[in-house]
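File shown: input-v9.cif. Contents: mmCIF, C-alpha atoms.
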```cif
data_query
loop_
_atom_site.label_atom_id
_atom_site.label_comp_id
_atom_site.auth_asym_id
_atom_site.auth_seq_id
_atom_site.Cartn_x
_atom_site.Cartn_y
_atom_site.Cartn_z
CA MET S 1 -90.19 29.75 34.85
CA LEU S 2 -89.97 28.12 31.42
CA GLY S 3 -90.56 31.49 29.74
CA MET S 4 -87.67 33.04 31.69
CA LEU S 5 -85.42 30.14 30.65
CA PHE S 6 -86.25 30.65 26.98
CA ASN S 7 -85.66 34.39 27.41
CA TYR S 8 -82.14 33.74 28.72
CA LEU S 9 -81.48 31.36 25.82
CA PHE S 10 -82.48 34.03 23.32
CA TRP S 11 -80.11 36.49 24.99
CA ILE S 12 -77.28 33.96 24.83
CA MET S 13 -78.00 33.26 21.15
CA MET S 14 -78.04 36.98 20.33
CA ILE S 15 -74.68 37.58 22.06
CA PHE S 16 -73.14 34.41 20.62
CA GLY S 17 -74.23 35.34 17.08
CA THR S 18 -72.46 38.70 17.28
CA ILE S 19 -69.27 37.19 18.70
CA PHE S 20 -69.32 34.39 16.11
CA SER S 21 -69.77 36.89 13.27
CA ILE S 22 -66.89 39.21 14.22
CA SER S 23 -64.60 36.23 14.96
CA SER S 24 -65.04 34.48 11.62
CA LEU S 25 -62.66 34.70 8.65
CA HIS S 26 -65.23 33.38 6.19
CA TRP S 27 -68.14 35.28 4.67
CA LEU S 28 -70.32 32.26 5.24
CA GLY S 29 -69.45 32.25 8.95
CA MET S 30 -70.16 35.99 9.19
CA TRP S 31 -73.55 35.49 7.57
CA VAL S 32 -74.37 32.60 9.94
CA GLY S 33 -73.41 34.73 12.96
CA LEU S 34 -75.65 37.58 11.82
CA GLU S 35 -78.55 35.17 11.34
CA LEU S 36 -78.06 33.67 14.82
CA ASN S 37 -78.07 37.19 16.22
CA LEU S 38 -81.31 37.94 14.37
CA ILE S 39 -82.98 34.75 15.60
CA GLY S 40 -82.06 35.58 19.20
CA PHE S 41 -83.11 39.24 18.98
CA LEU S 42 -86.53 38.85 17.35
CA PRO S 43 -88.22 37.00 20.29
CA ILE S 44 -86.92 39.74 22.63
CA LEU S 45 -88.71 42.32 20.47
CA VAL S 46 -92.09 40.57 20.53
CA TYR S 47 -91.88 39.00 24.01
CA SER S 48 -94.60 41.20 25.53
CA LYS S 49 -97.05 40.34 22.69
CA ASN S 50 -97.91 43.97 22.07
CA MET S 51 -99.40 44.89 18.69
CA SER S 52 -96.96 47.73 18.03
CA MET S 53 -94.00 45.56 19.05
CA SER S 54 -95.17 42.75 16.78
CA GLU S 55 -95.45 45.18 13.87
CA SER S 56 -91.97 46.56 14.56
CA GLY S 57 -90.60 43.03 14.87
CA THR S 58 -92.07 42.08 11.49
CA LYS S 59 -90.60 45.16 9.82
CA TYR S 60 -87.24 44.50 11.41
CA PHE S 61 -87.25 40.89 10.24
CA ILE S 62 -88.05 41.85 6.64
CA VAL S 63 -85.31 44.50 6.49
CA GLN S 64 -82.70 42.28 8.13
CA ALA S 65 -83.57 39.41 5.79
CA MET S 66 -83.11 41.75 2.83
CA GLY S 67 -79.75 42.88 4.20
CA SER S 68 -78.67 39.28 4.74
CA SER S 69 -79.67 38.44 1.16
CA PHE S 70 -77.51 41.31 -0.12
CA LEU S 71 -74.63 40.09 2.02
CA MET S 72 -74.99 36.52 0.79
CA PHE S 73 -75.32 37.59 -2.85
CA GLY S 74 -72.16 39.71 -2.64
CA SER S 75 -70.21 36.87 -1.03
CA LEU S 76 -71.46 34.45 -3.72
CA ILE S 77 -70.21 36.81 -6.44
CA LEU S 78 -66.83 36.87 -4.71
CA PHE S 79 -66.87 33.08 -4.38
CA SER S 80 -67.55 32.67 -8.10
CA PHE S 81 -64.22 34.37 -8.86
CA THR S 82 -61.97 33.24 -6.00
CA PHE S 83 -63.59 29.83 -5.21
CA SER S 84 -63.15 30.54 -1.52
CA TRP S 85 -65.20 32.07 1.30
CA GLU S 86 -62.17 33.59 3.05
CA ILE S 87 -62.19 37.35 3.28
CA LEU S 88 -58.41 37.60 2.92
CA ASN S 89 -58.65 36.40 -0.69
CA MET S 90 -59.98 39.84 -1.58
CA LEU S 91 -56.41 41.14 -1.26
CA ASN S 92 -55.33 39.44 -4.49
CA PHE S 93 -58.50 40.14 -6.44
CA LYS S 94 -58.95 43.35 -8.42
CA TYR S 95 -62.36 43.01 -10.06
CA PHE S 96 -64.65 42.98 -7.05
CA LEU S 97 -66.70 46.13 -7.66
CA SER S 98 -70.13 44.44 -7.81
CA SER S 99 -69.31 42.22 -4.83
CA ILE S 100 -68.24 45.17 -2.66
CA ILE S 101 -71.36 47.15 -3.56
CA PHE S 102 -73.66 44.30 -2.47
CA LEU S 103 -71.65 43.60 0.70
CA MET S 104 -71.62 47.25 1.77
CA SER S 105 -75.31 47.67 0.91
CA GLY S 106 -76.25 44.69 3.07
CA LEU S 107 -74.22 45.93 6.04
CA PHE S 108 -75.51 49.50 5.71
CA MET S 109 -79.07 48.19 5.59
CA LYS S 110 -78.53 46.25 8.80
CA ILE S 111 -77.36 49.30 10.77
CA GLY S 112 -79.95 51.65 9.24
CA MET S 113 -77.54 54.03 7.56
CA PHE S 114 -78.23 56.34 4.62
CA PRO S 115 -79.58 55.53 2.03
CA PHE S 116 -81.12 52.49 3.79
CA HIS S 117 -82.41 54.42 6.82
CA PHE S 118 -86.13 54.36 5.92
CA TRP S 119 -87.02 51.49 8.24
CA PHE S 120 -85.25 52.60 11.40
CA PRO S 121 -87.62 55.29 12.83
CA SER S 122 -90.77 53.24 12.15
CA VAL S 123 -89.31 50.13 13.79
CA MET S 124 -87.96 51.97 16.81
CA SER S 125 -91.19 53.86 17.46
CA GLY S 126 -93.03 50.68 18.51
CA LEU S 127 -90.40 49.08 20.75
CA SER S 128 -89.79 49.11 24.49
CA TRP S 129 -86.87 51.00 25.99
CA LEU S 130 -84.80 47.83 26.42
CA SER S 131 -85.36 46.78 22.82
CA CYS S 132 -84.51 50.30 21.63
CA LEU S 133 -81.28 50.20 23.64
CA LEU S 134 -80.28 46.88 22.08
CA LEU S 135 -81.24 48.11 18.61
CA VAL S 136 -79.05 51.23 18.74
CA THR S 137 -76.06 49.60 20.47
CA TRP S 138 -75.54 45.84 20.43
CA GLN S 139 -77.22 45.15 17.08
CA LYS S 140 -74.78 47.51 15.36
CA VAL S 141 -71.59 45.94 16.73
CA ALA S 142 -71.15 43.13 14.20
CA PRO S 143 -72.04 45.10 11.01
CA ILE S 144 -69.81 48.04 12.00
CA PHE S 145 -66.82 45.80 12.66
CA LEU S 146 -67.41 43.94 9.38
CA ILE S 147 -67.45 47.28 7.55
CA SER S 148 -64.16 48.17 9.24
CA VAL S 149 -62.64 44.87 8.06
CA LEU S 150 -63.72 45.57 4.49
CA MET S 151 -62.29 49.08 4.58
CA GLU S 152 -58.95 47.91 5.97
CA ILE S 153 -58.58 45.13 3.41
CA ILE S 154 -59.81 47.12 0.40
CA ASN S 155 -58.01 50.43 0.75
CA VAL S 156 -58.96 52.07 -2.55
CA MET S 157 -59.88 55.68 -3.24
CA TRP S 158 -63.35 55.12 -4.73
CA LEU S 159 -64.45 53.12 -1.68
CA LEU S 160 -63.27 55.84 0.73
CA LEU S 161 -65.07 58.52 -1.28
CA MET S 162 -68.26 56.45 -1.32
CA ILE S 163 -68.05 55.96 2.45
CA CYS S 164 -67.50 59.71 2.98
CA VAL S 165 -70.50 60.63 0.81
CA LEU S 166 -72.83 58.13 2.49
CA SER S 167 -71.61 59.13 5.96
CA SER S 168 -72.28 62.79 5.22
CA GLY S 169 -75.73 61.93 3.90
CA SER S 170 -76.48 59.89 7.02
CA ALA S 171 -75.45 62.78 9.29
CA LEU S 172 -77.64 65.21 7.34
CA VAL S 173 -80.63 62.85 7.39
CA GLY S 174 -80.19 62.34 11.13
CA GLY S 175 -80.02 66.08 11.69
CA PHE S 176 -82.84 67.31 9.45
CA GLY S 177 -85.08 64.27 9.92
CA GLY S 178 -85.52 64.80 13.64
CA VAL S 179 -86.81 68.37 13.32
CA ASN S 180 -90.43 67.33 12.76
CA GLN S 181 -90.40 64.51 15.30
CA SER S 182 -92.61 64.78 18.38
CA GLN S 183 -91.78 61.40 19.97
CA ILE S 184 -88.63 60.67 21.93
CA ARG S 185 -88.14 57.34 20.17
CA GLY S 186 -88.28 59.09 16.80
CA LEU S 187 -85.65 61.60 17.96
CA LEU S 188 -83.42 58.79 19.18
CA ALA S 189 -83.86 56.92 15.89
CA TYR S 190 -82.75 59.88 13.79
CA SER S 191 -79.98 60.60 16.28
CA SER S 192 -78.74 57.04 15.79
CA ILE S 193 -78.78 57.51 12.01
CA GLY S 194 -76.68 60.66 12.38
CA HIS S 195 -74.21 58.99 14.74
CA MET S 196 -73.81 56.08 12.33
CA GLY S 197 -72.56 58.61 9.80
CA TRP S 198 -69.94 59.86 12.28
CA ILE S 199 -68.91 56.32 13.26
CA ILE S 200 -68.47 55.08 9.68
CA PHE S 201 -66.74 58.34 8.69
CA SER S 202 -64.22 57.88 11.52
CA LEU S 203 -63.26 54.56 9.91
CA CYS S 204 -61.79 56.50 6.98
CA GLU S 205 -58.98 57.64 9.27
CA SER S 206 -58.49 54.65 11.59
CA CYS S 207 -60.34 51.89 13.37
CA TYR S 208 -59.12 53.33 16.69
CA ASN S 209 -61.17 56.51 16.22
CA MET S 210 -64.23 54.42 15.41
CA LYS S 211 -63.84 52.40 18.61
CA ILE S 212 -63.55 55.57 20.72
CA TYR S 213 -66.60 57.19 19.14
CA PHE S 214 -68.67 54.00 19.27
CA SER S 215 -67.75 53.38 22.93
CA ILE S 216 -68.75 56.92 23.92
CA TYR S 217 -72.00 56.58 21.97
CA ILE S 218 -72.81 53.34 23.79
CA ILE S 219 -72.10 54.92 27.20
CA ILE S 220 -74.34 57.92 26.53
CA SER S 221 -77.12 55.77 25.04
CA LEU S 222 -77.00 53.39 28.00
CA CYS S 223 -77.29 56.28 30.48
CA LEU S 224 -80.11 57.91 28.50
CA PHE S 225 -82.21 54.77 28.17
CA ILE S 226 -81.75 53.96 31.88
CA VAL S 227 -83.15 57.39 32.80
CA LEU S 228 -86.04 57.04 30.31
CA TRP S 229 -86.86 53.57 31.62
CA TYR S 230 -86.75 54.86 35.21
CA ASN S 231 -89.01 57.75 34.28
CA ASN S 232 -91.49 55.33 32.69
CA ILE S 233 -91.60 53.25 35.88
CA ILE S 234 -92.27 56.35 37.99
CA PHE S 235 -95.09 57.38 35.65
CA MET S 236 -96.67 53.90 35.80
CA LEU S 237 -96.48 53.82 39.62
CA GLY S 238 -98.07 57.28 39.87
CA MET S 239 -95.36 58.95 41.96
CA ASN S 240 -96.29 62.64 41.74
CA ASN S 241 -93.13 64.13 43.21
CA PHE S 242 -92.43 67.41 41.42
CA ILE S 243 -88.77 67.59 42.43
CA LYS S 244 -88.13 64.03 41.35
CA HIS S 245 -89.75 64.58 37.94
CA LEU S 246 -87.86 67.85 37.58
CA PHE S 247 -84.53 66.17 38.27
CA ILE S 248 -85.24 63.32 35.85
CA ASP S 249 -86.40 65.66 33.08
CA PHE S 250 -83.27 67.76 33.46
CA SER S 251 -81.15 64.59 33.27
CA VAL S 252 -82.88 63.56 30.04
CA ILE S 253 -82.29 66.99 28.49
CA LEU S 254 -78.65 66.96 29.57
CA LEU S 255 -78.08 63.52 28.08
CA PHE S 256 -79.78 64.60 24.85
CA LEU S 257 -77.40 67.55 24.64
CA SER S 258 -74.48 65.22 25.27
CA LEU S 259 -75.76 62.95 22.50
CA GLY S 260 -75.96 65.96 20.19
CA GLY S 261 -72.36 66.96 20.94
CA LEU S 262 -72.69 70.11 23.03
CA PRO S 263 -69.34 71.07 24.64
CA PRO S 264 -67.97 70.24 27.16
CA LEU S 265 -70.13 67.13 27.51
CA LEU S 266 -68.94 63.64 26.68
CA GLY S 267 -70.55 63.49 23.23
CA PHE S 268 -68.54 66.52 22.10
CA VAL S 269 -65.27 64.74 22.86
CA ALA S 270 -66.04 61.99 20.36
CA LYS S 271 -66.75 64.49 17.58
CA LEU S 272 -63.69 66.54 18.50
CA ASN S 273 -61.50 63.46 18.24
CA VAL S 274 -62.77 62.73 14.73
CA PHE S 275 -62.40 66.38 13.71
CA ILE S 276 -58.77 66.58 14.89
CA SER S 277 -57.79 63.33 13.16
CA ILE S 278 -59.45 64.22 9.83
CA PHE S 279 -58.59 67.93 9.64
CA ASP S 280 -55.17 67.48 8.01
CA SER S 281 -56.44 65.19 5.24
CA TYR S 282 -58.45 65.75 2.08
CA MET S 283 -61.68 64.65 3.81
CA TYR S 284 -62.14 67.84 5.84
CA TRP S 285 -64.74 69.04 3.30
CA PHE S 286 -67.00 66.15 4.22
CA ILE S 287 -66.74 66.85 7.94
CA LEU S 288 -68.43 70.22 7.38
CA LEU S 289 -71.55 68.31 6.30
CA LEU S 290 -71.33 66.12 9.40
CA ILE S 291 -71.02 69.19 11.61
CA LEU S 292 -74.07 70.69 9.88
CA GLY S 293 -76.07 67.57 10.75
CA SER S 294 -74.92 67.78 14.38
CA VAL S 295 -75.89 71.45 14.54
CA MET S 296 -79.40 70.58 13.37
CA SER S 297 -79.58 67.88 16.03
CA LEU S 298 -78.56 70.40 18.68
CA PHE S 299 -81.25 72.75 17.35
CA TYR S 300 -84.15 70.52 18.35
CA TYR S 301 -82.38 69.34 21.50
CA LEU S 302 -82.00 72.96 22.62
CA SER S 303 -85.65 73.56 21.77
CA LEU S 304 -86.49 70.75 24.22
CA LEU S 305 -84.34 72.52 26.81
CA PHE S 306 -86.25 75.77 26.20
CA VAL S 307 -89.61 74.02 26.67
CA PHE S 308 -88.28 72.39 29.83
CA PHE S 309 -87.36 75.73 31.45
CA VAL S 310 -90.62 77.35 30.35
CA ASN S 311 -92.56 74.57 32.08
CA ILE S 312 -90.52 75.06 35.22
CA PHE S 313 -91.22 78.78 35.43
CA ASN S 314 -94.91 78.22 34.76
CA LYS S 315 -95.24 75.87 37.74
CA VAL S 316 -95.49 76.74 41.42
CA ILE S 317 -92.10 76.83 43.15
CA TYR S 318 -92.04 74.12 45.78
CA LYS S 319 -90.17 74.54 49.04
CA GLU S 320 -88.29 71.32 48.70
CA ILE S 321 -84.68 70.59 48.01
CA PHE S 322 -83.15 68.13 45.61
CA LYS S 323 -82.63 64.70 47.02
CA SER S 324 -79.75 62.46 46.18
CA TYR S 325 -80.49 59.88 43.47
CA ASN S 326 -77.46 57.67 43.13
CA VAL S 327 -77.97 56.24 39.63
CA ILE S 328 -78.86 59.51 37.92
CA SER S 329 -76.14 61.41 39.80
CA LEU S 330 -73.61 58.87 38.54
CA ILE S 331 -74.91 59.38 34.99
CA LEU S 332 -74.51 63.16 35.26
CA PHE S 333 -71.04 62.70 36.73
CA ILE S 334 -69.97 60.54 33.78
CA ASN S 335 -71.20 63.02 31.19
CA PHE S 336 -70.00 66.20 32.93
CA LEU S 337 -66.60 65.36 34.37
CA GLY S 338 -65.77 62.65 31.84
CA GLY S 339 -66.48 64.98 28.95
CA LEU S 340 -64.57 67.85 30.59
CA VAL S 341 -61.46 65.76 31.30
CA MET S 342 -61.33 64.23 27.82
CA PHE S 343 -61.98 67.64 26.25
CA MET S 344 -59.02 69.16 28.10
CA PHE S 345 -56.84 66.18 27.17
CA ASP S 346 -57.64 66.50 23.46
CA PHE S 347 -57.27 70.29 23.62
CA PHE S 348 -53.73 70.19 25.08
CA GLU S 349 -52.77 67.39 22.70
CA PHE S 350 -54.01 69.49 19.76
CA ILE S 351 -51.96 72.48 20.99
#
```
Would you mind writing the file's structure down as structure tokens?
Amino acid sequence: MLGMLFNYLFWIMMIFGTIFSISSLHWLGMWVGLELNLIGFLPILVYSKNMSMSESGTKYFIVQAMGSSFLMFGSLILFSFTFSWEILNMLNFKYFLSSIIFLMSGLFMKIGMFPFHFWFPSVMSGLSWLSCLLLVTWQKVAPIFLISVLMEIINVMWLLLMICVLSSGSALVGGFGGVNQSQIRGLLAYSSIGHMGWIIFSLCESCYNMKIYFSIYIIISLCLFIVLWYNNIIFMLGMNNFIKHLFIDFSVILLFLSLGGLPPLLGFVAKLNVFISIFDSYMYWFILLLILGSVMSLFYYLSLLFVFFVNIFNKVIYKEIFKSYNVISLILFINFLGGLVMFMFDFFEFI
């Protein structure tokens, strides 16, 4: 009972740290919120006392501490010139190049974006499905919104070009890095790196596009991790129902394709929205690199689909019919019809 109480307290601290960070107007308050979020998230990682989870938790702590040190060092450089922690003082200050580099580096390191992506696959490979879900969704909320605040306040050309280059590199790393992966967690880690490139690149146009893309990414990730967690429970309980496993495997493949951006699924709508908004500007050259990374992601997702159908045809055909599974059917409904409706809406708006 006491362990469950402490678990709830850690969850509350993690959520409160994120809210406190994105609500603060001071760099010191943002740093404190990120540290509270880290303190609440680390015990959730190592709660089961597994060796692989403890190793991943240690790696995550070291990387996040390094990112926090970069963030604090950049804010101290800014404080030495402005004598204030308020972020709005950067509007009247012109010589903040070194401060911006350290601040952006710290935030990019926290979300695992290129060129600070080295830690993300190794950390994610040793975590549970719940911890992986939190790592790719909730733990990225505060750094992404802080990056958006920096980009809105400091609207200069060199910063936008740097963001475009790093976003393109992140999409390419996420696409080509997952080719040699044999574990699902590794694929999801590189997929998250690629999607971070799309999310940060959408900030170059507007914060509204970033919110749409990030919301769709969270919805697809939540559905995918629910199916993977459900499949893990079935495997542990030893339920050898061929039709049930077939339906779950097909759902996983479909959600992977939606995550890769295959039309007309929901993940394609997010990429189409970014493409339409960026196409008329000078940044359309960079989006070709992002599309190349997405194509590589679809390459190994489609290879999973090919292996899935080969395994089906190699098995004995059972004389059973598909049963209704409410949760997974709802997930498929969200990704099929939701993606189709939003695709048609964006298509007619583009026309």
- [ ] Find the residues around region 37-54 of chain S up to 6 Å (only C-alpha atoms counted), leave out those fewer than 3 positions away in its own chain, and share them as a list in words.
- [x] Phe10, Met13, Met14, Gly17, Thr18, Leu34, Gly57, Gly126 and Leu127 of chain S
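Around Phe70 (chain S), within 9 Å and counting only C-alpha atoms, the residues found are Ala65, Met66, Gly67, Phe73, Gly74, Ser75, Phe102, Leu103, Met104, Ser105, Gly106 and Leu107 of chain S, once anything fewer than 3 positions away on its own chain is removed.
Residues within 9 Å of Phe268 (chain S), counting all atoms listed in the file and excluding same-chain residues fewer than 4 positions away, are S:Ser258, S:Leu259, S:Gly260, S:Gly261, S:Leu262, S:Pro263, S:Pro264, S:Leu272, S:Asn273, S:Gly339, S:Phe343.
Here the PyMOL selection byres ((chain S and resi 292) around 12) catches exactly these residues: Ser168, Gly169, Ser170, Ala171, Leu172, Val173, Gly174, Gly175, Phe176, Gly194, Trp198, Gly260, Gly261, Trp285, Phe286, Ile287, Leu288, Leu289, Leu290, Ile291, Gly293, Ser294, Val295, Met296, Ser297, Leu298 and Phe299 of chain S.
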TODO: Name all residues at most 12 Å from region 210-217 of chain S (count all atoms listed in the file; drop same-chain ones fewer than 5 positions away) and give them as an NGL selection string.
DONE: :S and (133 or 136-138 or 140-141 or 144-145 or 147-148 or 188 or 191-192 or 194-205 or 222-224 or 255-256 or 258-261 or 265-275 or 277 or 334-335 or 338-339 or 342)
Hey, could you make a per-residue contact list for region 114-142 of chain S against region 155-167 of chain S with 12 Å as the cut-off, showing the nearest pair of atoms and its distance in Å to one decimal, counting all atoms listed in the file, sorted by chain and number, as a tab-separated table?
```
residue	atom	partner	partner_atom	distance
S:Phe114	CA	S:Leu166	CA	6.1
S:Pro115	CA	S:Leu166	CA	7.2
S:Phe116	CA	S:Leu166	CA	10.1
S:His117	CA	S:Leu166	CA	11.1
```
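Picture a line from CA of Ser98 (chain S) to CA of Ile19 (chain S); it runs 27.5 Å.
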Task: Interatomic distance, CA of Ser84 (chain S) to CA of Ser24 (chain S) (Å, one decimal) - done: 13.8 Å
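Distance-wise, CA of Leu254 (chain S) and CA of Phe120 (chain S) end up 24.1 Å apart.
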Using the chain letters and numbers from the file, which residues does the PyMOL selection byres ((chain S and resi 129) around 9) grab, as a PDB file with C-alpha atoms, in the coordinates of the input?
```pdb
ATOM      1  CA  LEU S 127     -90.400  49.080  20.750  1.00  0.00           C
ATOM      2  CA  SER S 128     -89.790  49.110  24.490  1.00  0.00           C
ATOM      3  CA  LEU S 130     -84.800  47.830  26.420  1.00  0.00           C
ATOM      4  CA  SER S 131     -85.360  46.780  22.820  1.00  0.00           C
ATOM      5  CA  CYS S 132     -84.510  50.300  21.630  1.00  0.00           C
ATOM      6  CA  LEU S 133     -81.280  50.200  23.640  1.00  0.00           C
ATOM      7  CA  LEU S 134     -80.280  46.880  22.080  1.00  0.00           C
ATOM      8  CA  ARG S 185     -88.140  57.340  20.170  1.00  0.00           C
ATOM      9  CA  PHE S 225     -82.210  54.770  28.170  1.00  0.00           C
ATOM     10  CA  ILE S 226     -81.750  53.960  31.880  1.00  0.00           C
ATOM     11  CA  LEU S 228     -86.040  57.040  30.310  1.00  0.00           C
ATOM     12  CA  TRP S 229     -86.860  53.570  31.620  1.00  0.00           C
TER      13      TRP S 229
END
```
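The shortest atom-to-atom distance to Gln64 (chain S), with all atoms listed in the file taken into account, belongs to S:Met109 out of S:Trp85, S:Gly33, S:Met109, S:Ile77.
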TODO: With a distance cut-off of 8 Å and all atoms listed in the file, select the neighbouring residues of Trp119 (chain S), excluding the residue or stretch itself and same-chain residues fewer than 5 positions from it, and output the selection as a PyMOL selection string.
DONE: chain S and resi 59-60+63+112
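Minimum atom-to-atom distances from S:Glu55, S:Ala142, S:Tyr284, S:Phe83 to Glu35 (chain S) were compared using all atoms listed in the file, and the lowest value belongs to S:Ala142.
For the set S:Ile218, S:Ile248, S:Leu36, S:Ile111, the residue with the smallest atom-to-atom gap to Leu9 (chain S) is S:Leu36, counting only C-alpha atoms.
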Complete the atoms of region 41-58 of chain S to N, CA, C and O atoms and put them out as a PDB file, in the frame of the given file.
```pdb
ATOM      1  N   PHE S  41     -82.600  37.909  18.654  1.00  0.00           N
ATOM      2  CA  PHE S  41     -83.110  39.240  18.980  1.00  0.00           C
ATOM      3  C   PHE S  41     -84.598  39.376  18.706  1.00  0.00           C
ATOM      4  O   PHE S  41     -85.294  40.120  19.418  1.00  0.00           O
ATOM      5  N   LEU S  42     -85.115  38.703  17.703  1.00  0.00           N
ATOM      6  CA  LEU S  42     -86.530  38.850  17.350  1.00  0.00           C
ATOM      7  C   LEU S  42     -87.482  38.452  18.476  1.00  0.00           C
ATOM      8  O   LEU S  42     -88.457  39.172  18.737  1.00  0.00           O
ATOM      9  N   PRO S  43     -87.298  37.315  19.172  1.00  0.00           N
ATOM     10  CA  PRO S  43     -88.220  37.000  20.290  1.00  0.00           C
ATOM     11  C   PRO S  43     -88.156  38.022  21.422  1.00  0.00           C
ATOM     12  O   PRO S  43     -89.144  38.210  22.134  1.00  0.00           O
ATOM     13  N   ILE S  44     -87.005  38.697  21.607  1.00  0.00           N
ATOM     14  CA  ILE S  44     -86.920  39.740  22.630  1.00  0.00           C
ATOM     15  C   ILE S  44     -87.789  40.927  22.236  1.00  0.00           C
ATOM     16  O   ILE S  44     -88.391  41.586  23.091  1.00  0.00           O
ATOM     17  N   LEU S  45     -87.880  41.208  20.930  1.00  0.00           N
ATOM     18  CA  LEU S  45     -88.710  42.320  20.470  1.00  0.00           C
ATOM     19  C   LEU S  45     -90.195  42.073  20.741  1.00  0.00           C
ATOM     20  O   LEU S  45     -90.919  42.979  21.150  1.00  0.00           O
ATOM     21  N   VAL S  46     -90.651  40.860  20.479  1.00  0.00           N
ATOM     22  CA  VAL S  46     -92.090  40.570  20.530  1.00  0.00           C
ATOM     23  C   VAL S  46     -92.461  39.775  21.773  1.00  0.00           C
ATOM     24  O   VAL S  46     -93.508  39.127  21.809  1.00  0.00           O
ATOM     25  N   TYR S  47     -91.633  39.833  22.832  1.00  0.00           N
ATOM     26  CA  TYR S  47     -91.880  39.000  24.010  1.00  0.00           C
ATOM     27  C   TYR S  47     -93.129  39.420  24.755  1.00  0.00           C
ATOM     28  O   TYR S  47     -93.852  38.584  25.304  1.00  0.00           O
ATOM     29  N   SER S  48     -93.431  40.718  24.782  1.00  0.00           N
ATOM     30  CA  SER S  48     -94.600  41.200  25.530  1.00  0.00           C
ATOM     31  C   SER S  48     -95.911  41.039  24.758  1.00  0.00           C
ATOM     32  O   SER S  48     -96.966  41.357  25.293  1.00  0.00           O
ATOM     33  N   LYS S  49     -95.862  40.593  23.516  1.00  0.00           N
ATOM     34  CA  LYS S  49     -97.050  40.340  22.690  1.00  0.00           C
ATOM     35  C   LYS S  49     -97.897  41.588  22.475  1.00  0.00           C
ATOM     36  O   LYS S  49     -99.118  41.536  22.425  1.00  0.00           O
ATOM     37  N   ASN S  50     -97.236  42.722  22.379  1.00  0.00           N
ATOM     38  CA  ASN S  50     -97.910  43.970  22.070  1.00  0.00           C
ATOM     39  C   ASN S  50     -98.055  44.110  20.561  1.00  0.00           C
ATOM     40  O   ASN S  50     -97.192  43.678  19.799  1.00  0.00           O
ATOM     41  N   MET S  51     -99.147  44.769  20.110  1.00  0.00           N
ATOM     42  CA  MET S  51     -99.400  44.890  18.690  1.00  0.00           C
ATOM     43  C   MET S  51     -98.339  45.748  18.006  1.00  0.00           C
ATOM     44  O   MET S  51     -97.838  45.404  16.928  1.00  0.00           O
ATOM     45  N   SER S  52     -97.977  46.860  18.632  1.00  0.00           N
ATOM     46  CA  SER S  52     -96.960  47.730  18.030  1.00  0.00           C
ATOM     47  C   SER S  52     -95.592  47.049  17.999  1.00  0.00           C
ATOM     48  O   SER S  52     -94.832  47.188  17.029  1.00  0.00           O
ATOM     49  N   MET S  53     -95.274  46.282  19.041  1.00  0.00           N
ATOM     50  CA  MET S  53     -94.000  45.560  19.050  1.00  0.00           C
ATOM     51  C   MET S  53     -93.978  44.457  18.004  1.00  0.00           C
ATOM     52  O   MET S  53     -92.946  44.218  17.364  1.00  0.00           O
ATOM     53  N   SER S  54     -95.103  43.783  17.808  1.00  0.00           N
ATOM     54  CA  SER S  54     -95.170  42.750  16.780  1.00  0.00           C
ATOM     55  C   SER S  54     -95.004  43.341  15.389  1.00  0.00           C
ATOM     56  O   SER S  54     -94.325  42.766  14.523  1.00  0.00           O
ATOM     57  N   GLU S  55     -95.605  44.505  15.172  1.00  0.00           N
ATOM     58  CA  GLU S  55     -95.450  45.180  13.870  1.00  0.00           C
ATOM     59  C   GLU S  55     -93.998  45.605  13.655  1.00  0.00           C
ATOM     60  O   GLU S  55     -93.446  45.424  12.555  1.00  0.00           O
ATOM     61  N   SER S  56     -93.370  46.168  14.691  1.00  0.00           N
ATOM     62  CA  SER S  56     -91.970  46.560  14.560  1.00  0.00           C
ATOM     63  C   SER S  56     -91.065  45.353  14.361  1.00  0.00           C
ATOM     64  O   SER S  56     -90.104  45.410  13.581  1.00  0.00           O
ATOM     65  N   GLY S  57     -91.378  44.243  15.052  1.00  0.00           N
ATOM     66  CA  GLY S  57     -90.600  43.030  14.870  1.00  0.00           C
ATOM     67  C   GLY S  57     -90.706  42.473  13.460  1.00  0.00           C
ATOM     68  O   GLY S  57     -89.721  41.994  12.888  1.00  0.00           O
ATOM     69  N   THR S  58     -91.893  42.550  12.869  1.00  0.00           N
ATOM     70  CA  THR S  58     -92.070  42.080  11.490  1.00  0.00           C
ATOM     71  C   THR S  58     -91.296  42.941  10.510  1.00  0.00           C
ATOM     72  O   THR S  58     -90.628  42.435   9.592  1.00  0.00           O
TER      73      THR S  58
END
```
